[in-house]
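Text of start.cif (mmCIF, C-alpha atoms and all ligand atoms) as supplied:
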data_input
#
loop_
_atom_site.label_atom_id
_atom_site.label_comp_id
_atom_site.auth_asym_id
_atom_site.auth_seq_id
_atom_site.Cartn_x
_atom_site.Cartn_y
_atom_site.Cartn_z
CA MET A 83 -20.61 -0.28 4.89
CA SER A 84 -19.10 1.00 1.70
CA CYS A 85 -15.79 2.74 1.32
CA SER A 86 -14.37 5.45 -0.87
CA LEU A 87 -10.84 6.62 -1.41
CA ARG A 88 -9.33 10.09 -1.37
CA ALA A 89 -5.94 11.72 -1.08
CA ALA A 90 -4.87 12.17 2.53
CA THR A 91 -4.29 15.60 4.03
CA VAL A 92 -2.75 16.81 7.27
CA THR A 93 -6.21 16.72 8.82
CA ASP A 94 -5.99 12.91 8.64
CA LEU A 95 -3.07 12.80 11.06
CA ASP A 96 -5.12 11.64 14.07
CA ALA A 97 -6.77 8.94 11.98
CA LEU A 98 -3.44 7.65 10.68
CA CYS A 99 -2.01 7.56 14.21
CA HIS A 100 -5.03 5.53 15.29
CA LEU A 101 -4.63 3.11 12.37
CA GLU A 102 -0.98 2.63 13.28
CA ALA A 103 -1.99 1.75 16.82
CA ILE A 104 -4.63 -0.81 15.87
CA CYS A 105 -3.01 -2.36 12.79
CA PHE A 106 0.57 -2.99 13.88
CA ASP A 107 1.91 -4.84 16.88
CA GLY A 108 5.04 -2.76 17.11
CA ASP A 109 7.46 -0.69 15.14
CA ARG A 110 4.78 1.88 14.41
CA PHE A 111 5.31 5.21 12.75
CA THR A 112 5.31 8.03 15.27
CA ARG A 113 3.02 11.00 15.00
CA ARG A 114 5.98 13.09 13.91
CA GLN A 115 6.90 10.66 11.17
CA LEU A 116 3.33 10.53 9.94
CA ALA A 117 3.11 14.32 9.94
CA TYR A 118 6.25 14.43 7.84
CA LEU A 119 4.80 11.85 5.50
CA LEU A 120 1.62 13.88 5.02
CA ALA A 121 3.13 17.32 4.79
CA ARG A 122 6.64 17.14 3.46
CA ALA A 123 7.82 13.82 2.16
CA ASN A 124 7.89 13.14 -1.56
CA ALA A 125 4.97 10.85 -1.06
CA HIS A 126 1.39 10.18 -2.00
CA THR A 127 -1.00 8.88 0.63
CA LEU A 128 -4.53 7.65 0.07
CA VAL A 129 -7.09 7.02 2.76
CA ALA A 130 -10.13 4.78 2.62
CA TYR A 131 -13.16 6.16 4.45
CA THR A 132 -16.60 4.80 5.15
CA THR A 133 -19.73 6.14 3.54
CA PRO A 134 -21.75 7.08 5.43
CA GLY A 135 -19.76 7.88 8.53
CA ASP A 136 -16.62 9.31 7.02
CA GLU A 137 -14.43 7.14 9.24
CA VAL A 138 -10.93 6.55 7.95
CA VAL A 139 -10.42 2.77 7.91
CA GLY A 140 -7.25 2.38 5.91
CA TYR A 141 -4.34 4.13 4.33
CA ALA A 142 -1.50 3.45 1.96
CA THR A 143 1.50 5.51 0.96
CA LEU A 144 3.84 5.56 -2.00
CA LEU A 145 7.25 7.18 -1.75
CA PHE A 146 8.97 8.66 -4.75
CA ARG A 147 12.63 9.37 -5.27
CA ARG A 148 13.97 12.17 -7.34
CA ASN A 149 15.27 11.00 -10.71
CA SER A 150 13.92 7.51 -10.20
CA ARG A 151 11.02 5.80 -11.92
CA VAL A 152 10.85 3.18 -9.20
CA THR A 153 8.35 3.93 -6.45
CA ARG A 154 7.97 2.15 -3.16
CA LEU A 155 4.95 1.10 -1.18
CA TYR A 156 5.94 2.57 2.14
CA SER A 157 2.96 2.01 4.35
CA PHE A 158 -0.27 0.07 3.99
CA CYS A 159 -2.93 -1.02 6.45
CA VAL A 160 -6.65 -1.48 6.91
CA ALA A 161 -8.47 -1.40 10.25
CA PRO A 162 -9.33 -4.90 11.50
CA GLN A 163 -13.09 -4.28 11.33
CA ALA A 164 -12.84 -3.29 7.66
CA ARG A 165 -10.64 -6.14 6.44
CA GLY A 166 -11.61 -8.77 3.93
CA GLY A 167 -13.94 -6.51 1.97
CA GLY A 168 -11.61 -5.34 -0.76
CA VAL A 169 -10.42 -2.10 0.85
CA GLY A 170 -6.78 -3.13 0.79
CA ARG A 171 -6.88 -4.17 -2.84
CA ALA A 172 -8.70 -0.96 -3.79
CA LEU A 173 -6.02 1.14 -2.07
CA LEU A 174 -3.24 -0.71 -3.88
CA GLU A 175 -4.94 -0.49 -7.25
CA ALA A 176 -5.48 3.25 -6.81
CA LEU A 177 -1.84 3.75 -5.85
CA GLU A 178 -0.77 1.81 -8.92
CA ARG A 179 -2.84 4.12 -11.08
CA GLU A 180 -1.23 7.13 -9.39
CA ALA A 181 2.23 5.67 -9.96
CA ARG A 182 1.49 5.15 -13.65
CA ARG A 183 0.12 8.67 -13.89
CA ARG A 184 3.50 9.87 -12.62
CA ASP A 185 5.28 7.75 -15.23
CA MET A 186 6.70 5.30 -12.71
CA THR A 187 7.81 2.04 -14.29
CA ARG A 188 8.23 -0.13 -11.19
CA LEU A 189 6.51 -0.54 -7.86
CA GLN A 190 8.49 -2.21 -5.08
CA LEU A 191 7.89 -3.16 -1.48
CA GLU A 192 9.16 -5.23 1.39
CA VAL A 193 6.90 -7.50 3.35
CA ARG A 194 7.45 -9.53 6.47
CA ALA A 195 8.08 -13.14 5.64
CA ASP A 196 5.38 -14.15 8.15
CA ASN A 197 2.67 -11.85 6.75
CA ARG A 198 0.72 -14.42 4.77
CA VAL A 199 -2.29 -12.22 4.02
CA ALA A 200 -0.22 -9.40 2.55
CA LEU A 201 2.06 -11.82 0.66
CA GLY A 202 -0.98 -13.47 -0.92
CA LEU A 203 -2.51 -10.16 -1.87
CA TYR A 204 0.71 -8.90 -3.47
CA ARG A 205 1.18 -12.12 -5.44
CA ARG A 206 -2.36 -12.01 -6.74
CA MET A 207 -1.79 -8.42 -7.77
CA GLY A 208 1.14 -9.41 -9.92
CA PHE A 209 4.11 -8.76 -7.66
CA SER A 210 6.95 -11.22 -7.85
CA VAL A 211 9.62 -11.96 -5.35
CA LEU A 212 12.92 -10.18 -5.94
CA ARG A 213 15.01 -11.24 -2.97
CA TRP A 214 15.08 -12.47 0.59
CA LEU A 215 16.22 -9.95 3.18
CA GLU A 216 17.49 -11.72 6.29
CA ASP A 217 16.99 -10.10 9.69
CA TYR A 218 15.31 -7.14 8.11
CA TYR A 219 12.95 -5.91 10.81
CA VAL A 220 13.65 -4.71 14.30
CA ASP A 221 12.36 -7.96 15.80
CA GLY A 222 14.69 -9.98 13.55
CA CYS A 223 12.01 -11.12 11.12
CA ALA A 224 13.11 -11.53 7.51
CA ALA A 225 11.43 -9.82 4.57
CA TRP A 226 10.67 -10.55 0.99
CA GLN A 227 11.38 -7.73 -1.37
CA MET A 228 8.78 -7.80 -4.12
CA GLY A 229 8.31 -5.82 -7.29
CA LYS A 230 6.01 -5.27 -10.18
CA THR A 231 6.52 -3.64 -13.56
CA LEU A 232 3.87 -1.06 -14.24
CA PRO A 233 2.41 -0.76 -17.71
CA SER A 234 2.67 2.70 -19.17
CA ALA A 235 -0.50 4.78 -19.17
CA GLY A 236 -0.93 3.99 -22.89
CA GLN A 237 -0.47 0.25 -22.38
CA ALA A 238 -2.93 0.28 -19.51
CA TRP A 239 -5.62 1.87 -21.66
CA ALA A 240 -4.95 -0.58 -24.49
CA SER A 241 -5.20 -3.48 -22.08
CA GLN A 242 -8.48 -2.19 -20.64
CA ASP A 243 -9.92 -1.76 -24.15
CA LYS A 244 -9.01 -5.35 -24.96
CA LEU A 245 -10.59 -6.64 -21.77
CA GLY A 246 -13.72 -4.65 -22.52
CA GLU A 247 -14.08 -6.30 -25.92
CA GLY A 248 -13.88 -9.92 -24.98
CA THR A 249 -14.46 -10.36 -21.28
CA ASN A 250 -16.51 -9.01 -18.44
CA ARG A 251 -13.54 -7.88 -16.37
CA ASP A 252 -13.47 -4.19 -15.70
CA GLY A 253 -9.78 -3.66 -15.83
CA GLU A 254 -7.73 -3.57 -13.29
CA CYS A 255 2.03 -1.23 -0.55
CA ARG A 256 3.68 -1.35 5.16
CA GLU A 257 6.70 -1.21 4.04
CA HIS A 258 9.50 1.07 4.64
CA ALA A 259 12.09 2.79 2.58
CA ARG A 260 15.27 4.33 3.82
CA ILE A 261 14.63 7.38 1.77
CA ALA A 262 13.24 10.21 3.82
CA PRO A 263 15.65 11.03 6.62
CA ASP A 264 12.89 11.70 9.14
CA LEU A 265 11.25 8.36 8.62
CA SER A 266 12.33 5.31 10.51
CA PRO A 267 13.33 2.11 8.74
CA ALA A 268 12.17 -1.37 9.26
CA ARG A 269 8.58 -2.07 9.69
CA LYS A 270 6.15 -4.70 8.61
C1 LIG A 301 -2.90 -6.62 4.41
C2 LIG A 301 -4.16 -5.78 4.59
C3 LIG A 301 -3.86 -4.32 4.30
C4 LIG A 301 -5.23 -6.28 3.62
O1 LIG A 301 -6.36 -5.43 3.73
P1 LIG A 301 -7.84 -5.96 3.38
O2 LIG A 301 -8.73 -4.79 3.27
O3 LIG A 301 -8.23 -7.02 4.31
O4 LIG A 301 -7.59 -6.58 1.94
P2 LIG A 301 -8.70 -7.09 0.94
O5 LIG A 301 -10.03 -7.20 1.61
O6 LIG A 301 -8.59 -6.24 -0.27
O7 LIG A 301 -8.22 -8.54 0.66
C5 LIG A 301 -7.11 -8.76 -0.11
C6 LIG A 301 -6.99 -10.23 -0.37
O8 LIG A 301 -6.55 -10.89 0.82
C7 LIG A 301 -7.46 -11.90 1.19
N1 LIG A 301 -7.58 -11.87 2.62
C8 LIG A 301 -7.96 -10.83 3.38
N2 LIG A 301 -7.92 -11.16 4.67
C9 LIG A 301 -7.52 -12.45 4.71
C10 LIG A 301 -7.26 -13.38 5.75
N3 LIG A 301 -7.42 -13.04 7.05
N4 LIG A 301 -6.83 -14.61 5.42
C11 LIG A 301 -6.64 -14.97 4.15
N5 LIG A 301 -6.86 -14.12 3.11
C12 LIG A 301 -7.29 -12.90 3.39
C13 LIG A 301 -8.76 -11.54 0.52
O9 LIG A 301 -9.54 -12.70 0.24
C14 LIG A 301 -8.31 -10.88 -0.74
O10 LIG A 301 -8.03 -11.84 -1.73
P3 LIG A 301 -8.18 -11.49 -3.28
O11 LIG A 301 -7.08 -10.50 -3.57
O12 LIG A 301 -8.01 -12.76 -3.99
O13 LIG A 301 -9.54 -10.89 -3.43
C15 LIG A 301 -4.72 -5.92 6.05
O14 LIG A 301 -4.86 -7.29 6.33
C16 LIG A 301 -3.87 -5.24 7.11
O15 LIG A 301 -3.97 -4.04 7.34
N6 LIG A 301 -3.02 -6.02 7.79
C17 LIG A 301 -2.19 -5.47 8.87
C18 LIG A 301 -1.15 -4.53 8.35
C19 LIG A 301 -0.37 -5.15 7.23
O16 LIG A 301 -0.02 -6.33 7.27
N7 LIG A 301 -0.07 -4.33 6.23
C20 LIG A 301 0.64 -4.79 5.06
C21 LIG A 301 2.09 -4.72 5.29
S1 LIG A 301 3.01 -5.50 4.00
#
Please render this file's structure as structure tokens.
Amino acid sequence: MSCSLRAATVTDLDALCHLEAICFDGDRFTRRQLAYLLARANAHTLVAYTTPGDEVVGYATLLFRRNSRVTRLYSFCVAPQARGGGVGRALLEALEREARRRDMTRLQLEVRADNRVALGLYRRMGFSVLRWLEDYYVDGCAAWQMGKTLPSAGQAWASQDKLGEGTNRDGECREHARIAPDLSPARK
């Protein structure tokens, strides 16, 4: 199975509801919240879909705030059957590119302290821990707030050029934000 990414639309609502159901044990976004996220929130959502098959197997959302160059990874998950194949990393990398395109300078997120897979992925992608948030989720679990400075579009190109010269590398988050009033806090 191979996967591609595209921007989500309102027609992906059923698929996102399904992903919520199979990826999270509790504290899921409701259909109404997801509809808001897709249609109205100041957000950008990407979906990963299989080719062939066109089955949506993951999604990730960035939220933006007016007059802020800090963006937040608001939601992020991959269906269990599609995990471990690079879909999650591809979604995050694509969202980082979108954030840079919008001149964002920082990407932040919160992650459950017991989510070892996500913590490892974020660390390897260059996020560092900002602070510990005690009793952050509805079940009492703590969170790490993590952040990453994004290179400007110009810096990113320069860095890719440099990598291309000397190496074979080809260049280069569910979290909640209490930003959009219709969206619930505290998840993942
Ligand atoms: C976190 C999540 C999105 C990762 O998605 P994924 O498609 O499996 O991620 P990838 O295949 O790109 O793997 C990312 C990294 O995690 C590692 N990894 C994946 N699954 C792993 C596992 N079960 N145990 C240990 N490491 C694992 C991979 O080796 C990879 O490492 P690399 O970055 O060095 O290559 C997915 O596990 C998920 O949806 N979890 C449930 C919801 C969730 O926790 N969302 C994140 C909230 S903060």
Compile a residue-level contact table for chain A against ligand LIG 301 (chain A) at a cut-off of 9 Å, reporting for every qualifying residue the shortest atom pair and its distance in Å to one decimal, with all atoms listed in the file counted, rows ordered by chain and ascending number, as CSV.
residue,atom,partner,partner_atom,distance
A:Leu101,CA,A:LIG301,O15,8.8
A:Glu102,CA,A:LIG301,C18,8.7
A:Ile104,CA,A:LIG301,C17,8.8
A:Cys105,CA,A:LIG301,C17,5.1
A:Phe106,CA,A:LIG301,C18,6.0
A:Gly140,CA,A:LIG301,O15,7.3
A:Tyr141,CA,A:LIG301,C3,8.5
A:Ala142,CA,A:LIG301,C3,8.5
A:Leu155,CA,A:LIG301,S1,8.6
A:Tyr156,CA,A:LIG301,S1,8.8
A:Ser157,CA,A:LIG301,C21,6.9
A:Phe158,CA,A:LIG301,N7,4.9
A:Cys159,CA,A:LIG301,O15,3.3
A:Val160,CA,A:LIG301,O15,3.7
A:Ala161,CA,A:LIG301,O15,6.0
A:Pro162,CA,A:LIG301,O15,6.8
A:Gln163,CA,A:LIG301,O3,9.0
A:Ala164,CA,A:LIG301,O2,6.2
A:Arg165,CA,A:LIG301,O3,3.3
A:Gly166,CA,A:LIG301,O5,3.2
A:Gly167,CA,A:LIG301,O5,4.0
A:Gly168,CA,A:LIG301,O6,3.2
A:Val169,CA,A:LIG301,O2,4.0
A:Gly170,CA,A:LIG301,O2,3.6
A:Arg171,CA,A:LIG301,O6,3.7
A:Ala172,CA,A:LIG301,O6,6.3
A:Leu173,CA,A:LIG301,O6,8.0
A:Leu174,CA,A:LIG301,O6,8.5
A:Leu191,CA,A:LIG301,S1,7.7
A:Glu192,CA,A:LIG301,S1,6.7
A:Val193,CA,A:LIG301,S1,4.4
A:Arg194,CA,A:LIG301,S1,6.5
A:Asn197,CA,A:LIG301,O16,6.2
A:Arg198,CA,A:LIG301,C11,7.4
A:Val199,CA,A:LIG301,N5,5.0
A:Ala200,CA,A:LIG301,C1,4.3
A:Leu201,CA,A:LIG301,S1,7.2
A:Gly202,CA,A:LIG301,O8,6.4
A:Leu203,CA,A:LIG301,C6,4.7
A:Tyr204,CA,A:LIG301,O11,8.0
A:Arg205,CA,A:LIG301,O11,8.6
A:Arg206,CA,A:LIG301,O11,5.9
A:Met207,CA,A:LIG301,O11,7.1
A:Cys255,CA,A:LIG301,S1,6.3
A:Arg256,CA,A:LIG301,C21,3.7
A:Glu257,CA,A:LIG301,S1,5.7
A:Arg269,CA,A:LIG301,C21,8.3
A:Lys270,CA,A:LIG301,C21,5.2
Self-check item: Top pick for closest residue to Gly208 of chain A, considering A:Glu178, A:Cys223, A:Asp136, A:Val92 and counting all atoms listed in the file
Solution: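 For Gly208 of chain A, the nearest of the candidates is A:Glu178.
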Give the padded box for segment 184-196 of chain A as JSON: axis-aligned, covering all atoms listed in the file, 6 Å on each side, centre and edge lengths in Å to one decimal.
{"center_x": 6.3, "center_y": -2.1, "center_z": -3.5, "size_x": 17.7, "size_y": 36.0, "size_z": 35.4}
Self-check item: Test item: residues at most 8 Å from Leu177 of chain A, all atoms listed in the file, excluding those fewer than 6 positions along its chain, as number ranges by chain
Solution: A: 128, 142-144
Quiz item: Near segment 117-122 of chain A, counting all atoms listed in the file, which residues have an atom at most 10 Å away, once you skip same-chain residues fewer than 3 positions from it, shown as a list in words?
Solution: Ala89, Ala90, Thr91, Val92, Thr93, Asp94, Leu95, Asp96, Leu98, Cys99, Phe111, Thr112, Arg113, Arg114, Ala125, His126, Thr127, Thr143, Leu144, Leu145, Tyr156, Ala262, Asp264 and Leu265 of chain A
Quiz prompt | Close residues, Arg147 of chain A itself excluded, 9 Å, only C-alpha atoms, min 3 positions apart in chain, as a list of chain:residue names | solution = A:Asn124, A:Ala125, A:Ser150, A:Arg151, A:Val152, A:Thr153, A:Arg154, A:Ile261
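Between atom CA of Tyr218 of chain A and atom CA of Asp196 of chain A the separation is 12.2 Å.
The coordinates place atom CA of Ala103 of chain A at 27.3 Å from atom CA of Gly229 of chain A.
Taking atom CA of Ala123 of chain A as the reference point, atom CA of Arg148 of chain A is found at 11.4 Å.
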